[in-house]
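**Student:** Take this structure, written in structure tokens, and hold onto it; I'll ask about it next.
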Amino acid sequence: MLQTLLDKRTLIAVLLCAVAAVAVPILSLVVPPSSPLHMPPYVVALIGKYLCYAILAVALDLVWGYCGILSLGHGAFFALGGYAMGMYLMRQIGARGVYGNPLLPDFMVFLNWKALPVAWWGFQSFPYAALMAMLAPGALAFAFGWLAFRSRVTGVYLSIITQAMTYALMLAFFRNDMGFGGNNGLTDFKDILGFNIQSDATRAALFSASAIVLILALLVGRFLVTSKFGKVLIAIRDAESRARFLGYRVEYYKLAVFTVSAMLAGVAGALYVPQVGIINPGEFAPANSIEAVIWVAVGGRGTLVGAALGAVLVNFGKTVFTGALPEYWLFALGLLFVLVTLFLPKGILGALDSLKRKPAPPIEPADADVAPKIAG
Amino acid sequence: MILLQRFLLVCALLFSIGSLARADDFADAVSGFSADSFSATEKALDGVVQSNNARAAAIVEALQKERLFYAPATKQVVVKDASGAVLDAATGAKLAEAPTELKSVRLNNRLRRAVEAASGQMTLLSADTQKRIAAAQAVYKARDVAALANVETALNKETDPVAKSALSDARAAILLAKPGVSEADQLSAVTQLRARGDQEARAILSSLPDATPPAVKASAQSAVAAIDSRLAFWSNLQNVWYGLSLGSVLLLAAIGLAITFGVMGVINMAHGEMVMLGAYTTFVVQEYARAKAPALLDYSLLIAVPLAFLVAGAVGVLIERTIIRFLYGRPLETLLATFGVSLILQQAVRTIFGANNREVSAPPFMSGSFHLGGLEITYGRMWIVLFALAVFVGLQILLRFTPFGLRMRAVTQNRRMASSMGVDTNRIDALAFGLGSGIAGMAGVALSQIDNVSPNLGQSYIIDSFMVVVFGGVGNLWGTLLGAMTLGVANKFLEPFIGAVLGKIALLVFIILFIQKRPRGLFALKGRAVEA
Amino acid sequence: MSLTRRIMLRAAGAAFGGALALSAFGAKAAEDTIKVGILHSLSGTMAISETTLKDAMLMLIDEQNKKGGLLGKKLEAVVVDPASNWPLFAEKARELIAKDKVAAVFGCWTSVSRKSVLPVFKELNNILFYPVQYEGEESERNVFYTGAAPNQQAIPAVDYLMKEEKVQRWVLAGTDYVYPRTTNKILEAYLKSKGVKSEDIMINYTPFGHSDWQTIVADIKKFGSAGKKTAVVSTINGDANVPFYKELGNQGVKATDIPVVAFSVGEEELAGIDTKPLVGHLAAWNYFMSIDTPANKDFIAKWQAFTKNPKRVTNDPMEAHYIGFNMWVQAVQKAGTTDPDKVIDALVGVKAPNLTGGVSEMLPNHHITKPVFIGEIKDNGQFDVVWKTDGLVPGDAWSKYLDGSKDLIGDWKDKKCGAFNVKTGKCGGA
């Protein structure tokens, strides 16, 4: 059982994350800044951000890699989770805002709001906010999936309407009347759970939390896809009609995995916001969701670990490129999209596999190699 | 003009004694233009207009066309005529030697209004009917009480019906503004403006001077109410027109996408960039025309349409041949690859043309607007609507009556069957992709007239285009037409009530829900092939 | 088991290796130049406006180096691309300060980008020069606002229209974000204080990049037909302006009928429009390219030579960077060091000539004094100045016309506080 759950790659990834969760705080806090081994706090925040993206990628891989649902709207779940956390952090500022209003966040005072909108109630409590970071995306995904999967909207159509969903949310959150800070979003956070959000120790802690959540995401993901439930998912991905004719309620399986994935994306967003210090409607932009899909494609879809790897690699490349060759990074990103889909249809991990197993099966469906491994 | 001159001649004879002093006043007034202050210029203009001097009209015209200058050193005021010759403003004598430094007499909005009104008064008797009409409209807007005599003189002489009605409107407007006009005259003026029934008439009727007799005021109030209800009726039609024009833009942007999606089942995320390429082609054509062949500038759009088709079409074929054909049968991955292409194209255009907006000017036939009943229709939008319909009809003809169209429809309906019947599906794919991209390029030419020509142009239309295609249904261009127009009109009817943003959100939510009911859109292709 | 152990070792090695690599990536040897960070988007939607500012900064740094640098050292520009992505702004700001150790950063355009980097500048204690007109309601120790506050742009423009054009009816049209919302709020309060009735004010918000203006322009025309002189005050942002002005031109709204005064439309934006139908519409800025002073002529000549484009235009935010950069140079010379704490203290009270013939001063609230100009659009894409303030207007960090902020002042000299409440004598904020 453990062997199936923790295949070699997952084990490596889990251990890597575990080591990072311990080592990074040490390197950043204990090792003196003069030492070459010292990790500056901004690097901690940077890798922390990559890990959040990795969690989002794992969530996306669950639906796309294992169930064939290409969601171009996962950024919306990520952002909703982020907003839930952002609202908690805003409420924590309390009377320390520039206007000194103990109840209303600055931007509401600024726009002459008199009372706290209902949507903001309860967010002063961390457990409630944490719960909402999962429930809000989960509920949206459930409602959306309930409608979409039951009426058998599939393929490109589904991708387009998920994109419409995140686009509509972006427009809505841009409106100042929505009460979520409009274009400026939520920012200038002070502390989280009583700890100063800008201190190095908090950063290190948030990093470790992200690493641990990534481990959990990988484990939960593996558990799901290696279970009987996961096999049905793969059956749906490969031949939806056949699965249906065999008597499986395809829409419920899809709905379940879509909702779980959205909740996971929400957690990723909630971890992301305190580390980058801002959440605004730009996170709903359809291009962000598409980019997340590319991380999965680069790493290798239907592998979970690959998705996480892809997210970290692409974002690391983005960091380097936007600093070193700012004018050319869009060329690089665009080219990456094209080359990966053309030459690495199974992503990096898939390519590694075919290198090992010399005569690569040419006409197999994209992820045929996953199934036998699970069976064994 | 001749009349005015004769009139001036008589004046000159009659007041020959005072004429010296008059001329001095006039010269003084003209020299006021050299003070470089708006209030001095206003005074000078007033003096020139009041002087009835023969040069007055020429000076006002020069001022209007920004051809009135002064020399800062000598304070001499001069006029440059169309040929570039420099004349003394007051005398009209050609200067042998133009002053070395000339500064133009500057205008602000208030002065520009005064100049328009003055020029209106002075050209009321022009030989050119169009000028007379424009003059009457200028006087109508300015409502200058002093112009009444001139308007009445002109009205008596006028034979052209359009000019005549414009003049009587002007007269009515003045009568309502002038104190001491008989109540009966004012009442008939109200009736006159009520018949005119547009927003300007409403503006005049709702801002009568306080001293107006109560009967006139009451009559004006009922006229305003009548105009309002008339305008409300027309504003609904106007909304329909706005909707259709927005729908045409959507149709143009989406129809190419509908073709590639219909034939190949792939969503081309770089479609918006094809639109952008078309817009930039227009820009390049205009730049070229401006530099090399200014005579062609007015026709640049006509030249740009086929060129944009070719440029975007060629890029489309290139993308199909180098990328998409290797992804056949993997529509979702095509989506990702073309998204990459779109990033590359955007950045390429940004590198070549810069990140800034580029100026694409509107040719004369696309500028301005005309009235159709109570509708105001701008020429630019009208041509875009016509263009969109022409593209639609052209495509229908291509699909129905050409062998290529037949093959394309065959591939759309059942690729395998078509292939086994000997249709070269590879070639059809490439051509269909080129066709779809080319049409996007032509859409870009039209969009360059109403939107920014910038590297982000395509991005703003891509999601809307998807919505139209998904809503309208695949494989049937009528669906795209109906989808685009429905969304356009719905958008424009929602906008006044809930604002532009909420309107758009509402439509997106509507489409998401609609797709649940009809997963294949309004017009779905029937048959087994599409179900598979 | 042995497999597990091997994997574990490998994993630990990789993790340490990766961490090491990243640490090394962060550390760069110190050198004998003074680094200046430039944080402007070079890609994405904001590239349109911000790329120019990056070039302007490069030119200013280049000029300073020709004059012998600063404190005997050369200046070195560090350019990064935050790609119009707000979280990326914060990340890049952190990178500039922590990794590149810049002495000051010149950057940001949108309010949200400034809000996004703000915590970073506070935490790492560095200096940001922000060159764009904005909504005010902020005064931070680490930020110097060289663009206009609402009282340096919006209110003078409205005064002008009331006085010169006798405007009685107002359309406040803006993009739906914080700058237009606040500006309109301030203007509404101001207009009402001048006796304008609510029914004579129409407020309209549109989304970013709005391109279909048919309905709104028609509404404006309708609103303007009530018999009172009407004007539009536009806080419409960047990209949406071109279609807006095109629609105005097409529907025949002339400046002589309904003038539009804009706060976000400058020479750079007009370069993308055929301005012939727009002649006479207005803009309010603290600088226009057409202003005839020796300093401005010199600046334009240098700019066009630097960009190797004789048609390149200059605009207001560029001038703001020009002033800000010179103030920073002076403050560093005054302080004798680039240490942010000392430079921040030295900056208040520094005077630097602007390009329009005046001398701007850095005020204790970290805003500067600026002249206000009203320009009318000419057919060559330039502005003709039709009005200007007598002297320089000091920038208010907090608006007098908003309830929440009328008692607040920013004073970093004596009170050491960005939001000091003069009534309660308390310092709000952290």
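So you can find residues: chains in the structure tokens are A, B, ... in the order shown, residues in each start at 1, and ligands are numbered from 1 in order.
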Select, as a list of chain:residue names, those residues of chain B with any atom no more than 6 Å from chain C (distances computed using only C-alpha atoms).

**Tutor:**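 Taken together, these residues fit the definition: B:Asn109, B:Arg113, B:Gln199, B:Ala203, B:Ile204, B:Ser206, B:Ser207, B:Ala355, B:Asn356, B:Asn357, B:Arg358, B:Glu359, B:Ser361, B:Ser367, B:Gly368, B:Thr378, B:Ile450, B:Asp451, B:Asn452.
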
**Student:** Chain A near chain C within 8 Å: what's each residue's closest atom pair and its distance in Å to one decimal, counting only C-alpha atoms, ordered by chain then ascending residue number, as a tab-separated table?

**Tutor:**
residue	atom	partner	partner_atom	distance
A:Lys8	CA	C:Ile7	CA	7.9
A:Leu11	CA	C:Ile7	CA	7.6
A:Ile12	CA	C:Ala11	CA	5.7
A:Ala13	CA	C:Ala11	CA	7.6
A:Leu15	CA	C:Ala11	CA	6.0
A:Leu16	CA	C:Ala11	CA	5.1
A:Cys17	CA	C:Ala15	CA	7.9
A:Val19	CA	C:Ala12	CA	6.1
A:Ala20	CA	C:Ala15	CA	6.0
A:Ala23	CA	C:Phe16	CA	7.6
A:Val24	CA	C:Ala19	CA	7.3
A:Pro36	CA	C:Ala24	CA	7.2
A:Leu37	CA	C:Leu20	CA	6.3
A:His38	CA	C:Ser23	CA	6.5
A:Met39	CA	C:Ser23	CA	4.9
A:Pro40	CA	C:Ser23	CA	6.9
A:Tyr42	CA	C:Arg94	CA	6.3
A:Val43	CA	C:Leu22	CA	7.0
A:Leu46	CA	C:Glu91	CA	7.5
A:Ala95	CA	C:Gly429	CA	7.6
A:Arg96	CA	C:Gly429	CA	4.8
A:Gly97	CA	C:Gly429	CA	4.7
A:Val98	CA	C:Gly429	CA	3.9
A:Tyr99	CA	C:Gly428	CA	6.0
A:Gly100	CA	C:Gly428	CA	5.5
A:Val109	CA	C:Gly404	CA	6.7
A:Phe110	CA	C:Gly404	CA	6.8
A:Leu111	CA	C:Thr182	CA	7.4
A:Asn112	CA	C:Gly404	CA	7.7
A:Leu171	CA	C:Pro207	CA	7.7
A:Phe174	CA	C:Asp176	CA	7.4
A:Arg175	CA	C:Asp176	CA	6.3
A:Asn176	CA	C:Tyr177	CA	6.7
A:Gly182	CA	C:Tyr177	CA	6.2
A:Asn183	CA	C:Tyr177	CA	5.5
A:Asn184	CA	C:Val112	CA	4.6
A:Gly185	CA	C:Val112	CA	7.6
A:Thr187	CA	C:Ser116	CA	6.5
A:Asp188	CA	C:Pro119	CA	5.8
A:Phe189	CA	C:Pro119	CA	7.9
A:Gln198	CA	C:Glu123	CA	6.8
A:Val276	CA	C:Pro87	CA	6.0
A:Gly277	CA	C:Ser116	CA	7.1
A:Ile278	CA	C:Ser116	CA	6.0
A:Ile279	CA	C:Pro87	CA	7.5
A:Asn280	CA	C:Trp86	CA	7.9
A:Gly282	CA	C:Asn85	CA	7.4
A:Thr322	CA	C:Asp81	CA	5.4
A:Gly323	CA	C:Val80	CA	5.0
A:Ala324	CA	C:Val80	CA	7.6
A:Pro326	CA	C:Asp81	CA	5.3
A:Glu327	CA	C:Leu42	CA	6.7

**Student:** Counting only C-alpha atoms, give me one row per residue of chain A with an atom at most 7 Å from an atom of chain B, showing the shortest contact pair and its distance in Å to one decimal, sorted by chain then residue number, as CSV.

**Tutor:**
residue,atom,partner,partner_atom,distance
A:Leu147,CA,B:Gln516,CA,6.2
A:Ala148,CA,B:Gln516,CA,5.8
A:Ser151,CA,B:Gln516,CA,5.5
A:Val153,CA,B:Pro519,CA,5.6
A:Val156,CA,B:Leu332,CA,6.6
A:Ile161,CA,B:Ile512,CA,5.9
A:Ala164,CA,B:Leu508,CA,6.3
A:Ala168,CA,B:Ile505,CA,5.2
A:Leu171,CA,B:Val501,CA,6.8
A:Leu330,CA,B:Leu343,CA,6.1
A:Phe331,CA,B:Ile344,CA,5.0
A:Gly334,CA,B:Gly340,CA,3.8
A:Leu335,CA,B:Gly340,CA,6.1
A:Phe337,CA,B:Gly340,CA,4.8
A:Val338,CA,B:Ala337,CA,4.5
A:Thr341,CA,B:Ala337,CA,6.1

**Student:** Give me a file of those residues, with C-alpha atoms, as a tab-separated table (two decimals), in the first residue's frame.

**Tutor:**
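Result written to out.tsv:
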chain	number	residue	atom	x	y	z
A	147	LEU	CA	-24.19	22.60	-13.98
A	148	ALA	CA	-21.46	21.79	-16.44
A	151	SER	CA	-25.23	18.61	-18.99
A	153	VAL	CA	-20.23	20.03	-21.41
A	156	VAL	CA	-12.93	22.72	-25.58
A	161	ILE	CA	-16.58	28.44	-20.13
A	164	ALA	CA	-15.48	32.85	-19.04
A	168	ALA	CA	-16.40	37.32	-15.20
A	171	LEU	CA	-14.47	41.98	-13.99
A	330	LEU	CA	7.68	36.80	-23.36
A	331	PHE	CA	9.43	35.31	-26.36
A	334	GLY	CA	5.78	31.74	-25.71
A	335	LEU	CA	8.39	29.53	-27.23
A	337	PHE	CA	4.50	26.82	-24.71
A	338	VAL	CA	4.99	25.88	-28.34
A	341	THR	CA	3.36	20.93	-26.68

**Student:** Go ahead and compute the interatomic distance for CA of Tyr167 in chain A and CA of Met276 in chain B, in Å to one decimal.

**Tutor:** 20.9 Å

**Student:** Just how far from CA of Gly347 in chain A is CA of Ala297 in chain A, in Å to one decimal?

**Tutor:** 5.5 Å

**Student:** Name the residues of range 108-346 of chain B that fall into alpha helix (DSSP H) according to DSSP on the backbone, using the chain letters and numbers of this document, as JSON, numbers by chain.

**Tutor:** {"B": [109, 110, 111, 112, 113, 114, 115, 116, 117, 118, 119, 120, 121, 122, 129, 130, 131, 132, 133, 134, 135, 136, 137, 138, 139, 140, 141, 142, 148, 149, 150, 151, 152, 153, 154, 155, 156, 157, 161, 162, 163, 164, 165, 166, 167, 168, 169, 170, 171, 172, 173, 174, 175, 176, 177, 183, 184, 185, 186, 187, 188, 189, 190, 191, 192, 193, 194, 195, 196, 199, 200, 201, 202, 203, 204, 205, 214, 215, 216, 217, 218, 219, 220, 221, 222, 223, 224, 225, 226, 227, 228, 229, 230, 231, 232, 233, 234, 235, 236, 237, 238, 239, 240, 241, 242, 243, 244, 245, 246, 247, 248, 249, 250, 251, 252, 253, 254, 255, 256, 257, 258, 259, 260, 261, 262, 263, 264, 271, 272, 273, 274, 275, 276, 277, 278, 279, 280, 281, 282, 283, 284, 285, 286, 287, 288, 289, 290, 291, 292, 300, 301, 302, 303, 304, 305, 306, 307, 308, 309, 310, 311, 312, 313, 314, 315, 316, 317, 318, 319, 320, 321, 322, 331, 332, 333, 334, 335, 336, 337, 338, 339, 340, 341, 342, 343, 344, 345, 346]}

**Student:** Give me the residues near range 130-139 of chain B as a PDB file with C-alpha atoms, in the first residue's frame, where near means some atom within 7 Å (using only C-alpha atoms) and where sequence neighbours in that chain fewer than 4 positions away do not count.

**Tutor:**
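Dumped to around-v2.pdb:
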ATOM      1  CA  GLU B 116     -17.516  80.532 -35.215  1.00  0.00           C
ATOM      2  CA  ALA B 117     -20.414  82.809 -34.390  1.00  0.00           C
ATOM      3  CA  GLY B 120     -21.514  82.478 -39.162  1.00  0.00           C
ATOM      4  CA  GLN B 121     -22.891  85.991 -39.223  1.00  0.00           C
ATOM      5  CA  THR B 123     -21.170  84.069 -44.253  1.00  0.00           C
ATOM      6  CA  LEU B 124     -24.945  84.045 -43.972  1.00  0.00           C
ATOM      7  CA  LEU B 125     -25.091  85.511 -47.469  1.00  0.00           C
ATOM      8  CA  SER B 126     -22.346  83.401 -48.967  1.00  0.00           C
ATOM      9  CA  ARG B 143     -27.939  82.776 -30.362  1.00  0.00           C
ATOM     10  CA  ASP B 144     -26.329  86.197 -30.680  1.00  0.00           C
ATOM     11  CA  ALA B 163     -30.791  76.536 -45.658  1.00  0.00           C
ATOM     12  CA  ALA B 166     -31.789  76.223 -40.762  1.00  0.00           C
ATOM     13  CA  LEU B 167     -32.171  79.985 -40.933  1.00  0.00           C
ATOM     14  CA  ALA B 170     -31.654  80.263 -36.034  1.00  0.00           C
TER      15      ALA B 170
END

**Student:** Within 7 Å of range 279-303 of chain B, which residues of range 351-406 of chain B show up? Give each one with its shortest atom-to-atom distance in Å (one decimal) and the two atoms involved, counting only C-alpha atoms, rows by chain then rising residue number, as CSV.

**Tutor:**
residue,atom,partner,partner_atom,distance
B:Val360,CA,B:Phe283,CA,5.6
B:Pro363,CA,B:Asp298,CA,5.1
B:Pro364,CA,B:Asp298,CA,6.9

**Student:** Would you save the residues of that selection, restricted to N, CA and C atoms, as a short mmCIF file (atom, residue, chain, number, x, y, z; two decimals), in the first residue's frame?

**Tutor:**
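Wrote result_23.cif, looks like this:
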data_model
loop_
_atom_site.label_atom_id
_atom_site.label_comp_id
_atom_site.auth_asym_id
_atom_site.auth_seq_id
_atom_site.Cartn_x
_atom_site.Cartn_y
_atom_site.Cartn_z
N VAL B 360 -3.73 55.61 -36.34
CA VAL B 360 -4.35 55.29 -37.63
C VAL B 360 -5.47 56.31 -37.81
N PRO B 363 -10.27 58.02 -42.63
CA PRO B 363 -10.46 58.70 -43.91
C PRO B 363 -11.73 59.54 -43.85
N PRO B 364 -11.84 60.56 -44.72
CA PRO B 364 -13.00 61.47 -44.64
C PRO B 364 -14.34 60.73 -44.68
#

**Student:** Within 9 Å of Phe288 in chain C, counting only C-alpha atoms, which residues qualify if same-chain residues fewer than 3 places away don't, as an mmCIF file with C-alpha atoms, in the first residue's frame?

**Tutor:**
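Here's the written file part_16.cif:
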data_model
loop_
_atom_site.group_PDB
_atom_site.id
_atom_site.type_symbol
_atom_site.label_atom_id
_atom_site.label_comp_id
_atom_site.auth_asym_id
_atom_site.auth_seq_id
_atom_site.Cartn_x
_atom_site.Cartn_y
_atom_site.Cartn_z
ATOM 1 C CA GLY C 266 -0.715 63.614 -22.279
ATOM 2 C CA GLU C 267 1.524 63.967 -25.287
ATOM 3 C CA TRP C 285 -0.861 68.787 -16.063
ATOM 4 C CA ILE C 291 6.105 75.093 -22.720
ATOM 5 C CA THR C 314 8.072 64.257 -23.536
ATOM 6 C CA ASN C 315 5.361 64.223 -20.912
ATOM 7 C CA ASP C 316 4.474 65.077 -17.338
ATOM 8 C CA THR C 356 8.740 75.039 -16.738
ATOM 9 C CA PHE C 373 -1.154 74.261 -16.439
ATOM 10 C CA GLY C 375 -3.627 73.040 -22.100
ATOM 11 C CA GLN C 382 0.657 69.021 -28.648
ATOM 12 C CA PHE C 383 -1.016 71.207 -26.055
ATOM 13 C CA ASP C 384 -1.397 74.956 -26.077
ATOM 14 C CA VAL C 385 -1.263 76.325 -22.557
#

**Student:** One decimal, in Å: what's the spacing between CA of Val30 in chain B and CA of Asp292 in chain C?

**Tutor:**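 We find that CA of Val30 in chain B and CA of Asp292 in chain C lie 25.8 Å from each other.
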
**Student:** Find the residues near Ala59 in chain A: any atom within 8 Å, counting only C-alpha atoms, skip ones fewer than 6 places away on the same chain, and give them as number ranges by chain.

**Tutor:** A: 217, 261-262, 264-265
